[in-house]
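Here's run.txt, which has compact mmCIF, C-alpha atoms (C1' of nucleotides):
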```
# COMPACT_ATOMS: atom_id res chain seq x y z
CA MET A 1 76.94 85.13 224.47
CA ASN A 2 75.90 82.97 221.60
CA HIS A 3 76.22 84.96 218.40
CA SER A 4 74.24 82.66 216.17
CA ASP A 5 71.13 82.84 218.30
CA PHE A 6 68.63 85.12 216.65
CA SER A 7 65.76 84.51 218.97
CA GLU A 8 66.47 87.20 221.52
CA LEU A 9 66.96 90.02 219.06
CA ASP A 10 64.88 93.09 219.67
CA LEU A 11 63.33 94.92 216.78
CA THR A 12 65.97 97.63 216.70
CA SER A 13 68.76 95.07 216.38
CA LEU A 14 66.82 93.32 213.66
CA LEU A 15 66.43 96.56 211.75
CA SER A 16 70.12 97.21 212.14
CA LEU A 17 71.05 93.75 210.95
CA SER A 18 68.73 93.72 207.99
CA PHE A 19 69.86 97.14 206.91
CA SER A 20 73.55 96.20 207.18
CA THR A 21 72.88 92.98 205.37
CA SER A 22 71.30 94.68 202.39
CA ILE A 23 73.66 97.62 202.22
CA ASN A 24 76.63 95.28 202.40
CA GLU A 25 75.32 93.13 199.59
CA LEU A 26 74.49 96.19 197.52
CA HIS A 27 78.00 97.55 197.77
CA THR A 28 79.71 94.25 197.26
CA ARG A 29 77.79 93.96 194.00
CA LEU A 30 78.54 97.56 193.01
CA SER A 31 82.21 96.85 193.64
CA GLU A 32 82.08 93.91 191.28
CA LEU A 33 80.63 96.20 188.63
CA GLY A 34 83.62 98.53 188.96
CA PHE A 35 82.05 101.03 191.34
CA GLY A 36 84.25 100.16 194.28
CA ASP A 37 84.85 103.83 195.03
CA ILE A 38 81.19 104.45 195.79
CA ARG A 39 80.28 104.46 199.48
CA PRO A 40 76.75 104.05 200.84
CA VAL A 41 76.48 107.74 201.60
CA HIS A 42 77.03 108.49 197.91
CA GLY A 43 74.00 106.43 197.03
CA PHE A 44 71.90 108.66 199.25
CA MET A 45 73.43 111.74 197.64
CA PHE A 46 72.61 110.43 194.20
CA LYS A 47 69.06 109.86 195.26
CA CYS A 48 68.80 113.48 196.33
CA MET A 49 70.29 114.61 193.00
CA THR A 50 67.85 112.73 190.82
CA PRO A 51 66.48 113.69 188.50
CA ASN A 52 67.42 117.37 188.25
CA GLY A 53 70.45 117.88 190.43
CA ALA A 54 70.70 119.51 193.82
CA THR A 55 72.62 122.33 195.47
CA GLY A 56 75.22 121.70 198.13
CA ILE A 57 72.96 123.00 200.83
CA GLU A 58 70.13 120.74 199.75
CA LEU A 59 72.45 117.75 199.89
CA ALA A 60 73.72 118.80 203.30
CA GLU A 61 70.22 119.07 204.72
CA TYR A 62 69.18 115.82 203.13
CA LEU A 63 72.14 113.92 204.54
CA GLY A 64 72.24 115.72 207.86
CA ILE A 65 75.86 116.79 207.50
CA THR A 66 77.60 120.14 207.00
CA LYS A 67 77.89 121.82 203.64
CA GLN A 68 81.68 121.57 203.98
CA ALA A 69 81.46 117.81 204.25
CA VAL A 70 79.21 117.75 201.20
CA SER A 71 81.68 119.91 199.33
CA LYS A 72 84.43 117.36 199.96
CA MET A 73 82.25 114.48 198.85
CA VAL A 74 81.30 116.31 195.70
CA ASP A 75 84.95 116.96 194.90
CA TYR A 76 85.64 113.28 195.46
CA LEU A 77 82.82 112.22 193.17
CA GLU A 78 83.65 114.81 190.54
CA LYS A 79 87.28 113.68 190.41
CA ARG A 80 86.05 110.14 189.74
CA GLY A 81 83.58 111.19 187.08
CA TYR A 82 80.27 110.59 188.84
CA VAL A 83 79.00 114.16 189.11
CA ASN A 84 79.48 117.62 187.63
CA LYS A 85 79.03 121.09 189.04
CA GLN A 86 76.98 123.54 187.04
CA PRO A 87 76.24 127.21 187.73
CA HIS A 88 72.85 127.75 189.27
CA PRO A 89 70.45 129.18 186.67
CA THR A 90 69.14 132.03 188.81
CA ASP A 91 71.46 132.32 191.81
CA LYS A 92 74.99 133.32 190.90
CA ARG A 93 76.28 132.19 194.30
CA GLY A 94 74.93 128.71 193.89
CA LYS A 95 75.98 125.62 192.00
CA ILE A 96 73.94 122.65 190.95
CA ILE A 97 75.44 119.24 191.26
CA ILE A 98 74.21 116.80 188.65
CA LEU A 99 74.93 113.21 187.79
CA THR A 100 77.17 112.41 184.84
CA GLU A 101 76.50 109.45 182.61
CA ARG A 102 78.70 107.36 184.85
CA GLY A 103 76.74 108.60 187.83
CA TRP A 104 73.51 107.45 186.20
CA LEU A 105 75.07 104.05 185.59
CA VAL A 106 75.51 103.68 189.34
CA VAL A 107 71.94 104.75 190.01
CA LYS A 108 70.61 102.22 187.50
CA ALA A 109 72.85 99.46 188.83
CA LYS A 110 71.74 100.25 192.34
CA GLU A 111 68.10 100.00 191.36
CA ASN A 112 68.66 96.68 189.65
CA ILE A 113 70.50 95.20 192.58
CA LEU A 114 67.93 96.40 195.10
CA ASN A 115 65.14 95.01 192.96
CA GLU A 116 66.92 91.70 192.81
CA LEU A 117 67.30 91.75 196.57
CA GLU A 118 63.61 92.40 196.98
CA GLN A 119 62.83 89.55 194.62
CA ARG A 120 64.94 87.23 196.71
CA TRP A 121 63.11 88.38 199.81
CA ILE A 122 59.83 87.72 198.08
CA GLY A 123 61.18 84.23 197.54
CA ASN A 124 61.82 83.98 201.26
CA ILE A 125 58.70 85.44 202.78
CA GLY A 126 56.28 85.87 199.89
CA ALA A 127 55.06 88.92 198.03
CA GLU A 128 52.18 89.78 200.35
CA ARG A 129 54.33 89.62 203.42
CA LEU A 130 56.94 91.82 201.78
CA GLN A 131 54.26 94.32 200.88
CA MET A 132 53.01 94.29 204.45
CA LEU A 133 56.53 94.68 205.74
CA LYS A 134 57.09 97.77 203.65
CA GLU A 135 53.78 99.28 204.65
CA ASP A 136 54.41 98.63 208.30
CA LEU A 137 57.88 100.14 208.21
CA LYS A 138 56.55 103.21 206.40
CA ARG A 139 53.85 103.56 208.98
CA ILE A 140 56.28 103.23 211.87
CA VAL A 141 58.67 105.77 210.45
CA TYR A 142 55.84 108.09 209.58
CA GLU A 143 54.18 107.95 212.98
CA THR A 144 57.40 108.18 214.94
CA ASN A 145 58.43 111.29 213.06
CA GLU A 146 54.95 112.79 213.20
CA GLY A 147 54.55 112.93 209.49
CA ASN A 148 57.89 114.55 208.78
CA ILE A 149 60.63 112.67 207.13
CA PRO A 150 63.54 112.56 209.53
CA SER A 151 66.05 115.28 208.82
CA MET A 152 68.87 112.81 209.10
CA PHE A 153 68.31 110.65 206.08
CA ARG A 154 71.29 108.63 206.91
CA PRO A 155 72.10 106.03 209.52
CA VAL A 156 75.22 106.97 211.33
CA TRP A 157 76.50 106.73 214.80
CA MET B 1 63.18 115.95 195.23
CA ASN B 2 60.32 115.98 197.63
CA HIS B 3 61.60 114.86 201.00
CA SER B 4 58.26 114.21 202.58
CA ASP B 5 57.16 111.71 199.97
CA PHE B 6 57.52 108.24 201.36
CA SER B 7 55.88 106.37 198.54
CA GLU B 8 58.92 105.74 196.39
CA LEU B 9 61.14 104.42 199.12
CA ASP B 10 62.72 101.08 198.46
CA LEU B 11 63.00 98.54 201.21
CA THR B 12 66.62 99.27 201.96
CA SER B 13 65.88 102.95 202.50
CA LEU B 14 62.97 102.02 204.70
CA LEU B 15 65.17 99.78 206.79
CA SER B 16 67.70 102.56 207.07
CA LEU B 17 65.09 105.09 208.08
CA SER B 18 63.37 102.90 210.60
CA PHE B 19 66.66 101.91 212.15
CA SER B 20 67.82 105.54 212.40
CA THR B 21 64.49 106.54 213.78
CA SER B 22 64.62 104.06 216.60
CA ILE B 23 68.28 104.44 217.41
CA ASN B 24 67.87 108.21 217.49
CA GLU B 25 64.94 108.02 219.83
CA LEU B 26 66.74 105.52 222.02
CA HIS B 27 69.75 107.76 222.46
CA THR B 28 67.77 110.92 222.92
CA ARG B 29 66.01 109.21 225.79
CA LEU B 30 69.24 107.82 227.22
CA SER B 31 70.67 111.34 227.10
CA GLU B 32 67.74 112.63 229.11
CA LEU B 33 68.48 109.97 231.72
CA GLY B 34 72.04 111.27 232.07
CA PHE B 35 73.71 108.80 229.73
CA GLY B 36 74.63 111.34 227.10
CA ASP B 37 78.13 109.95 226.80
CA ILE B 38 76.87 106.58 225.56
CA ARG B 39 77.02 106.10 221.79
CA PRO B 40 75.06 103.45 219.88
CA VAL B 41 78.14 101.30 219.45
CA HIS B 42 78.45 101.10 223.25
CA GLY B 43 75.00 99.58 223.45
CA PHE B 44 76.14 96.80 221.14
CA MET B 45 79.25 96.31 223.28
CA PHE B 46 77.15 96.07 226.41
CA LYS B 47 75.00 93.47 224.76
CA CYS B 48 78.08 91.38 224.04
CA MET B 49 79.25 91.77 227.66
CA THR B 50 76.05 90.55 229.25
CA PRO B 51 75.76 88.71 231.41
CA ASN B 52 79.28 87.53 232.19
CA GLY B 53 81.64 89.96 230.54
CA ALA B 54 83.71 89.56 227.42
CA THR B 55 87.34 89.76 226.37
CA GLY B 56 88.60 92.49 224.08
CA ILE B 57 88.95 90.09 221.21
CA GLU B 58 85.41 88.85 221.61
CA LEU B 59 84.13 92.41 221.52
CA ALA B 60 86.25 93.18 218.47
CA GLU B 61 84.88 90.20 216.56
CA TYR B 62 81.36 90.96 217.63
CA LEU B 63 81.54 94.56 216.50
CA GLY B 64 83.67 93.94 213.45
CA ILE B 65 86.40 96.38 214.47
CA THR B 66 90.02 95.98 215.57
CA LYS B 67 91.02 95.08 219.09
CA GLN B 68 92.83 98.43 219.29
CA ALA B 69 89.61 100.27 218.62
CA VAL B 70 87.88 98.18 221.26
CA SER B 71 90.67 98.96 223.68
CA LYS B 72 90.08 102.67 223.24
CA MET B 73 86.35 102.33 223.70
CA VAL B 74 86.84 100.29 226.85
CA ASP B 75 89.16 102.96 228.25
CA TYR B 76 86.54 105.57 227.45
CA LEU B 77 83.80 103.58 229.15
CA GLU B 78 85.96 102.69 232.13
CA LYS B 79 86.88 106.33 232.69
CA ARG B 80 83.17 107.15 232.81
CA GLY B 81 82.32 104.32 235.17
CA TYR B 82 80.39 101.99 232.87
CA VAL B 83 82.77 99.02 232.77
CA ASN B 84 85.68 97.47 234.64
CA LYS B 85 88.57 95.36 233.54
CA GLN B 86 89.24 92.16 235.44
CA PRO B 87 92.05 89.66 235.03
CA HIS B 88 91.00 86.63 233.05
CA PRO B 89 90.54 83.66 235.40
CA THR B 90 92.59 81.18 233.36
CA ASP B 91 94.54 83.19 230.80
CA LYS B 92 97.07 85.57 232.29
CA ARG B 93 97.33 87.51 229.03
CA GLY B 94 93.63 88.19 228.93
CA LYS B 95 91.27 90.59 230.62
CA ILE B 96 87.55 90.37 231.04
CA ILE B 97 85.53 93.49 230.62
CA ILE B 98 82.41 93.57 232.75
CA LEU B 99 79.63 96.04 233.35
CA THR B 100 79.63 98.12 236.50
CA GLU B 101 76.43 98.95 238.31
CA ARG B 102 76.19 102.10 236.24
CA GLY B 103 76.70 100.00 233.12
CA TRP B 104 73.80 97.79 234.11
CA LEU B 105 71.66 100.87 234.61
CA VAL B 106 72.20 101.72 230.96
CA VAL B 107 71.34 98.21 229.85
CA LYS B 108 68.12 98.24 231.86
CA ALA B 109 67.20 101.70 230.63
CA LYS B 110 67.85 100.62 227.07
CA GLU B 111 65.59 97.62 227.45
CA ASN B 112 62.82 99.72 228.89
CA ILE B 113 63.01 102.30 226.16
CA LEU B 114 63.10 99.70 223.39
CA ASN B 115 60.14 97.92 224.92
CA GLU B 116 58.27 101.18 225.03
CA LEU B 117 59.11 101.77 221.40
CA GLU B 118 57.81 98.35 220.47
CA GLN B 119 54.64 99.02 222.41
CA ARG B 120 54.12 102.21 220.46
CA TRP B 121 54.65 100.33 217.23
CA ILE B 122 52.10 97.78 218.35
CA GLY B 123 49.80 100.74 218.77
CA ASN B 124 50.51 101.72 215.18
CA ILE B 125 50.36 98.45 213.34
CA GLY B 126 49.00 95.94 215.83
CA ALA B 127 50.64 93.11 217.73
CA GLU B 128 50.23 90.44 215.07
CA ARG B 129 51.73 92.60 212.38
CA LEU B 130 54.67 93.48 214.59
CA GLN B 131 55.21 89.81 215.29
CA MET B 132 55.13 89.09 211.56
CA LEU B 133 57.49 91.95 210.90
CA LYS B 134 60.03 90.58 213.34
CA GLU B 135 59.74 87.08 211.95
CA ASP B 136 60.12 88.29 208.39
CA LEU B 137 63.16 90.37 209.20
CA LYS B 138 64.75 87.45 211.02
CA ARG B 139 64.09 85.22 208.08
CA ILE B 140 65.53 87.69 205.62
CA VAL B 141 68.67 88.22 207.64
CA TYR B 142 69.01 84.52 208.24
CA GLU B 143 68.57 83.50 204.60
CA THR B 144 70.78 86.25 203.25
CA ASN B 145 73.61 85.28 205.53
CA GLU B 146 73.08 81.59 204.98
CA GLY B 147 72.39 80.84 208.57
CA ASN B 148 75.35 82.70 209.97
CA ILE B 149 74.93 85.84 211.89
CA PRO B 150 76.77 88.57 210.01
CA SER B 151 80.22 89.12 211.41
CA MET B 152 79.68 92.84 211.39
CA PHE B 153 77.07 93.28 214.04
CA ARG B 154 77.06 96.94 213.50
CA PRO B 155 75.75 99.24 210.82
CA VAL B 156 78.44 101.53 209.65
CA TRP B 157 79.47 103.04 206.43
C1' DG C 1 111.11 70.09 227.98
C1' DA C 2 112.85 73.54 224.84
C1' DA C 3 112.05 76.03 220.69
C1' DA C 4 108.85 77.83 217.53
C1' DT C 5 104.65 79.75 216.76
C1' DA C 6 100.23 81.84 218.02
C1' DT C 7 97.33 84.90 220.83
C1' DA C 8 95.70 88.95 224.14
C1' DG C 9 96.47 93.28 224.89
C1' DT C 10 99.01 97.99 224.62
C1' DC C 11 101.45 101.95 222.54
C1' DA C 12 102.20 105.08 218.86
C1' DA C 13 101.60 106.97 214.30
C1' DC C 14 98.52 107.70 210.77
C1' DT C 15 94.02 107.93 207.85
C1' DT C 16 89.48 109.36 207.02
C1' DG C 17 85.27 111.53 207.34
C1' DA C 18 83.48 114.55 209.65
C1' DT C 19 83.49 119.20 212.42
C1' DT C 20 84.05 124.48 213.52
C1' DG C 21 85.50 129.03 212.16
C1' DA C 22 86.85 132.56 208.98
C1' DC C 23 86.19 134.32 204.54
C1' DT C 24 84.27 135.83 199.61
C1' DA C 25 80.66 136.67 196.54
C1' DC C 26 76.10 137.32 195.65
C1' DA C 27 70.91 138.05 197.38
C1' DT C 28 67.38 139.87 200.09
C1' DT C 29 65.32 143.07 203.23
C1' DC C 30 64.64 147.36 205.21
C1' DG D 1 71.87 152.12 199.36
C1' DA D 2 73.10 149.92 203.76
C1' DA D 3 72.50 146.04 206.64
C1' DT D 4 71.79 141.48 206.96
C1' DG D 5 71.43 136.75 205.17
C1' DT D 6 72.92 132.80 202.24
C1' DA D 7 75.92 129.53 198.99
C1' DG D 8 80.09 127.94 198.69
C1' DT D 9 85.31 127.50 199.74
C1' DC D 10 89.61 127.24 202.50
C1' DA D 11 92.05 125.89 206.51
C1' DA D 12 92.58 123.92 210.95
C1' DT D 13 90.98 120.60 214.03
C1' DC D 14 88.56 116.51 215.96
C1' DA D 15 87.04 111.78 216.49
C1' DA D 16 86.82 107.15 215.50
C1' DG D 17 88.78 104.13 213.32
C1' DT D 18 93.12 101.88 211.03
C1' DT D 19 98.03 99.66 210.56
C1' DG D 20 102.34 98.31 212.53
C1' DA D 21 105.50 97.30 216.22
C1' DC D 22 105.93 95.46 220.68
C1' DT D 23 105.42 92.64 225.40
C1' DA D 24 103.78 88.91 227.90
C1' DT D 25 101.67 84.67 228.11
C1' DA D 26 99.83 80.14 225.76
C1' DT D 27 100.01 76.45 222.72
C1' DT D 28 102.11 73.41 219.49
C1' DT D 29 105.73 70.74 217.76
C1' DC D 30 109.81 68.32 217.71
```
Any chance you could put this one into structure tokens?
Amino acid sequence: MNHSDFSELDLTSLLSLSFSTSINELHTRLSELGFGDIRPVHGFMFKCMTPNGATGIELAEYLGITKQAVSKMVDYLEKRGYVNKQPHPTDKRGKIIILTERGWLVVKAKENILNELEQRWIGNIGAERLQMLKEDLKRIVYETNEGNIPSMFRPVW
Amino acid sequence: MNHSDFSELDLTSLLSLSFSTSINELHTRLSELGFGDIRPVHGFMFKCMTPNGATGIELAEYLGITKQAVSKMVDYLEKRGYVNKQPHPTDKRGKIIILTERGWLVVKAKENILNELEQRWIGNIGAERLQMLKEDLKRIVYETNEGNIPSMFRPVW
DNA sequence: GAAATATAGTCAACTTGATTGACTACATTC
DNA sequence: GAATGTAGTCAATCAAGTTGACTATATTTC
């Protein structure tokens, strides 16, 4: 098999490749900024925490993993200064996990890098095509999931 | 955070979502056909083995994992009747891993399902737009990796 | 052509990121 | 107020990968 031949790639492989490509670049850049201990899954957690924090259960549902797994991740991130646990305002069982200043730095850096990536893509295929691409992907995801966002907000196998 | 709001999704999230969506559907369907023991990574292995088989090292490079990990996967797949190991024709150290008939059944089924998926997407966004989408994604992947296919042919985090 | 080095694959031990199950404390329902 | 449900934690386990050590064969170098 010839690995540098793109022509036979089906759409699913293309989606896989383009996703890997961007997530790899994102995290290489984050590493260079001193956030080498942030994994892709953390980025998705942060997204769920913005702007007002989230409970463990919310994170677990969002990521499609168990609350125990979330608990470990939160400990990991707390130890490294990215998040804090706060008591839930109304539910004494619950905790709210919020971003620290350092956590927000990652979120901002991530946004900047992704914007840059999109700009480069605009350079490759043009702004209208990029807009179309986004719309089409949204539509495909939306239709395939019958209007519901997929429960597993996280590509894993 | 409102999980059913698509509008703010950046391109990377969209790529992630659309990839998950299709890979999930693919493997749900494969499960229904009795291939529930096939994981996404196996599909990528099979692709590397077609049509004439591959050595362990080739698979390892293709997937971006160690040869030991490949060895385990091959054992797993051999035990379940999807692949066979054959002595390498010229190199007595080497083995060639080839698909069995059952392995080919999976490959065919996969192709059918992915084609069906693409047809449904054509129903959603039209054939020209799908063609453009594929071209744009190819271009993006190609440019970002400077003409080389990414070594890690496999989305993992 | 023999010695040195490199490569394909295996075996075993370990790491990591997840899981399941059992438990505590608080909330909700009846 | 009692029964049931829910948020989070602790501990044990699992699964998919890793690293390191090894054998057998190939290739290079002198």
Write out the coordinates of chain A as a JSON list (two decimals) with C-alpha atoms, in the frame of the given file after a least-squares overlay onto chain B built on all ordered Cα pairs.
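The result, written out as result28.json:
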```
[["chain", "number", "residue", "atom", "x", "y", "z"],
["A", 1, "MET", "CA", 63.19, 115.80, 194.91],
["A", 2, "ASN", "CA", 60.37, 115.85, 197.36],
["A", 3, "HIS", "CA", 61.67, 114.78, 200.75],
["A", 4, "SER", "CA", 58.34, 114.16, 202.40],
["A", 5, "ASP", "CA", 57.23, 111.63, 199.83],
["A", 6, "PHE", "CA", 57.58, 108.17, 201.27],
["A", 7, "SER", "CA", 55.96, 106.28, 198.47],
["A", 8, "GLU", "CA", 59.01, 105.65, 196.34],
["A", 9, "LEU", "CA", 61.22, 104.34, 199.10],
["A", 10, "ASP", "CA", 62.81, 101.00, 198.47],
["A", 11, "LEU", "CA", 63.07, 98.47, 201.23],
["A", 12, "THR", "CA", 66.69, 99.23, 201.99],
["A", 13, "SER", "CA", 65.94, 102.92, 202.51],
["A", 14, "LEU", "CA", 63.02, 102.00, 204.70],
["A", 15, "LEU", "CA", 65.21, 99.78, 206.83],
["A", 16, "SER", "CA", 67.74, 102.56, 207.09],
["A", 17, "LEU", "CA", 65.12, 105.09, 208.08],
["A", 18, "SER", "CA", 63.40, 102.91, 210.62],
["A", 19, "PHE", "CA", 66.68, 101.94, 212.19],
["A", 20, "SER", "CA", 67.85, 105.56, 212.42],
["A", 21, "THR", "CA", 64.50, 106.57, 213.78],
["A", 22, "SER", "CA", 64.61, 104.09, 216.62],
["A", 23, "ILE", "CA", 68.27, 104.48, 217.45],
["A", 24, "ASN", "CA", 67.88, 108.24, 217.52],
["A", 25, "GLU", "CA", 64.93, 108.06, 219.86],
["A", 26, "LEU", "CA", 66.73, 105.54, 222.06],
["A", 27, "HIS", "CA", 69.73, 107.78, 222.50],
["A", 28, "THR", "CA", 67.76, 110.95, 222.96],
["A", 29, "ARG", "CA", 65.98, 109.22, 225.83],
["A", 30, "LEU", "CA", 69.23, 107.83, 227.27],
["A", 31, "SER", "CA", 70.64, 111.35, 227.17],
["A", 32, "GLU", "CA", 67.72, 112.62, 229.18],
["A", 33, "LEU", "CA", 68.44, 109.95, 231.77],
["A", 34, "GLY", "CA", 72.00, 111.24, 232.15],
["A", 35, "PHE", "CA", 73.68, 108.78, 229.80],
["A", 36, "GLY", "CA", 74.58, 111.34, 227.18],
["A", 37, "ASP", "CA", 78.09, 109.94, 226.89],
["A", 38, "ILE", "CA", 76.84, 106.60, 225.62],
["A", 39, "ARG", "CA", 76.99, 106.14, 221.85],
["A", 40, "PRO", "CA", 75.04, 103.51, 219.91],
["A", 41, "VAL", "CA", 78.12, 101.37, 219.47],
["A", 42, "HIS", "CA", 78.42, 101.12, 223.26],
["A", 43, "GLY", "CA", 74.98, 99.60, 223.44],
["A", 44, "PHE", "CA", 76.13, 96.83, 221.14],
["A", 45, "MET", "CA", 79.24, 96.33, 223.26],
["A", 46, "PHE", "CA", 77.14, 96.05, 226.38],
["A", 47, "LYS", "CA", 75.00, 93.46, 224.72],
["A", 48, "CYS", "CA", 78.08, 91.39, 223.97],
["A", 49, "MET", "CA", 79.24, 91.76, 227.59],
["A", 50, "THR", "CA", 76.04, 90.53, 229.16],
["A", 51, "PRO", "CA", 75.75, 88.67, 231.32],
["A", 52, "ASN", "CA", 79.28, 87.47, 232.07],
["A", 53, "GLY", "CA", 81.64, 89.92, 230.46],
["A", 54, "ALA", "CA", 83.70, 89.55, 227.32],
["A", 55, "THR", "CA", 87.34, 89.78, 226.28],
["A", 56, "GLY", "CA", 88.60, 92.53, 224.02],
["A", 57, "ILE", "CA", 88.96, 90.16, 221.13],
["A", 58, "GLU", "CA", 85.42, 88.91, 221.52],
["A", 59, "LEU", "CA", 84.14, 92.47, 221.47],
["A", 60, "ALA", "CA", 86.25, 93.26, 218.42],
["A", 61, "GLU", "CA", 84.89, 90.30, 216.49],
["A", 62, "TYR", "CA", 81.36, 91.03, 217.58],
["A", 63, "LEU", "CA", 81.54, 94.65, 216.48],
["A", 64, "GLY", "CA", 83.65, 94.05, 213.41],
["A", 65, "ILE", "CA", 86.37, 96.49, 214.44],
["A", 66, "THR", "CA", 90.00, 96.11, 215.53],
["A", 67, "LYS", "CA", 91.00, 95.17, 219.04],
["A", 68, "GLN", "CA", 92.81, 98.52, 219.29],
["A", 69, "ALA", "CA", 89.59, 100.37, 218.63],
["A", 70, "VAL", "CA", 87.87, 98.26, 221.26],
["A", 71, "SER", "CA", 90.65, 99.02, 223.70],
["A", 72, "LYS", "CA", 90.04, 102.75, 223.27],
["A", 73, "MET", "CA", 86.31, 102.37, 223.74],
["A", 74, "VAL", "CA", 86.83, 100.32, 226.86],
["A", 75, "ASP", "CA", 89.14, 102.97, 228.29],
["A", 76, "TYR", "CA", 86.50, 105.57, 227.50],
["A", 77, "LEU", "CA", 83.77, 103.58, 229.20],
["A", 78, "GLU", "CA", 85.94, 102.67, 232.16],
["A", 79, "LYS", "CA", 86.85, 106.31, 232.76],
["A", 80, "ARG", "CA", 83.13, 107.12, 232.88],
["A", 81, "GLY", "CA", 82.29, 104.26, 235.20],
["A", 82, "TYR", "CA", 80.36, 101.95, 232.89],
["A", 83, "VAL", "CA", 82.74, 98.99, 232.76],
["A", 84, "ASN", "CA", 85.65, 97.41, 234.62],
["A", 85, "LYS", "CA", 88.56, 95.29, 233.50],
["A", 86, "GLN", "CA", 89.22, 92.09, 235.37],
["A", 87, "PRO", "CA", 92.02, 89.56, 234.92],
["A", 88, "HIS", "CA", 90.97, 86.55, 232.92],
["A", 89, "PRO", "CA", 90.50, 83.55, 235.23],
["A", 90, "THR", "CA", 92.56, 81.10, 233.19],
["A", 91, "ASP", "CA", 94.51, 83.15, 230.64],
["A", 92, "LYS", "CA", 97.03, 85.50, 232.19],
["A", 93, "ARG", "CA", 97.31, 87.47, 228.95],
["A", 94, "GLY", "CA", 93.62, 88.17, 228.81],
["A", 95, "LYS", "CA", 91.26, 90.55, 230.54],
["A", 96, "ILE", "CA", 87.54, 90.34, 230.96],
["A", 97, "ILE", "CA", 85.51, 93.46, 230.57],
["A", 98, "ILE", "CA", 82.39, 93.51, 232.70],
["A", 99, "LEU", "CA", 79.61, 95.97, 233.32],
["A", 100, "THR", "CA", 79.62, 98.03, 236.50],
["A", 101, "GLU", "CA", 76.42, 98.87, 238.30],
["A", 102, "ARG", "CA", 76.18, 102.02, 236.25],
["A", 103, "GLY", "CA", 76.69, 99.96, 233.13],
["A", 104, "TRP", "CA", 73.78, 97.73, 234.10],
["A", 105, "LEU", "CA", 71.64, 100.81, 234.63],
["A", 106, "VAL", "CA", 72.18, 101.70, 230.98],
["A", 107, "VAL", "CA", 71.34, 98.18, 229.85],
["A", 108, "LYS", "CA", 68.11, 98.21, 231.86],
["A", 109, "ALA", "CA", 67.18, 101.68, 230.65],
["A", 110, "LYS", "CA", 67.84, 100.62, 227.10],
["A", 111, "GLU", "CA", 65.58, 97.62, 227.46],
["A", 112, "ASN", "CA", 62.81, 99.72, 228.91],
["A", 113, "ILE", "CA", 63.01, 102.31, 226.18],
["A", 114, "LEU", "CA", 63.10, 99.72, 223.41],
["A", 115, "ASN", "CA", 60.13, 97.94, 224.93],
["A", 116, "GLU", "CA", 58.25, 101.20, 225.05],
["A", 117, "LEU", "CA", 59.11, 101.81, 221.42],
["A", 118, "GLU", "CA", 57.81, 98.39, 220.49],
["A", 119, "GLN", "CA", 54.63, 99.07, 222.41],
["A", 120, "ARG", "CA", 54.12, 102.26, 220.47],
["A", 121, "TRP", "CA", 54.65, 100.37, 217.25],
["A", 122, "ILE", "CA", 52.11, 97.82, 218.36],
["A", 123, "GLY", "CA", 49.79, 100.78, 218.77],
["A", 124, "ASN", "CA", 50.53, 101.77, 215.19],
["A", 125, "ILE", "CA", 50.39, 98.49, 213.34],
["A", 126, "GLY", "CA", 49.02, 95.98, 215.84],
["A", 127, "ALA", "CA", 50.63, 93.17, 217.76],
["A", 128, "GLU", "CA", 50.24, 90.48, 215.11],
["A", 129, "ARG", "CA", 51.74, 92.63, 212.42],
["A", 130, "LEU", "CA", 54.66, 93.51, 214.66],
["A", 131, "GLN", "CA", 55.22, 89.84, 215.35],
["A", 132, "MET", "CA", 55.14, 89.11, 211.64],
["A", 133, "LEU", "CA", 57.51, 91.96, 210.97],
["A", 134, "LYS", "CA", 60.04, 90.60, 213.41],
["A", 135, "GLU", "CA", 59.76, 87.09, 212.04],
["A", 136, "ASP", "CA", 60.14, 88.28, 208.50],
["A", 137, "LEU", "CA", 63.19, 90.38, 209.28],
["A", 138, "LYS", "CA", 64.78, 87.46, 211.14],
["A", 139, "ARG", "CA", 64.10, 85.22, 208.21],
["A", 140, "ILE", "CA", 65.56, 87.68, 205.73],
["A", 141, "VAL", "CA", 68.70, 88.21, 207.75],
["A", 142, "TYR", "CA", 69.03, 84.52, 208.37],
["A", 143, "GLU", "CA", 68.62, 83.48, 204.75],
["A", 144, "THR", "CA", 70.80, 86.23, 203.36],
["A", 145, "ASN", "CA", 73.63, 85.27, 205.67],
["A", 146, "GLU", "CA", 73.11, 81.55, 205.12],
["A", 147, "GLY", "CA", 72.41, 80.83, 208.72],
["A", 148, "ASN", "CA", 75.38, 82.71, 210.10],
["A", 149, "ILE", "CA", 74.95, 85.88, 211.98],
["A", 150, "PRO", "CA", 76.77, 88.58, 210.08],
["A", 151, "SER", "CA", 80.23, 89.17, 211.44],
["A", 152, "MET", "CA", 79.67, 92.89, 211.37],
["A", 153, "PHE", "CA", 77.07, 93.32, 214.05],
["A", 154, "ARG", "CA", 77.06, 96.98, 213.51],
["A", 155, "PRO", "CA", 75.73, 99.27, 210.83],
["A", 156, "VAL", "CA", 78.44, 101.54, 209.64],
["A", 157, "TRP", "CA", 79.47, 103.04, 206.41]]
```
Discussion item. Using only C-alpha atoms (C1' of nucleotides) - which residues lie no farther than 10 Å from the point (69.0, 101.0, 209.0) in the file's frame? Write them as a VMD selection string.
Written reply: (chain A and resid 12 to 23 154 to 156) or (chain B and resid 12 to 23 155 to 156)
Worksheet item: Would you list which chain D residues are within 7 Å of chain B using only C-alpha atoms (C1' of nucleotides), as a PyMOL selection string?
Response: chain D and resi 17+24-25
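Distances to chain A were evaluated for B:Leu77, B:Leu59, B:Leu11, B:Leu99 using only C-alpha atoms, and the minimum falls at B:Leu11.
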Item to complete: Could you tell me how far atom CA of A:Glu128 lies from atom CA of A:Val107, in Å and to one decimal?
Response: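 Distance between the two atoms: 26.9 Å.
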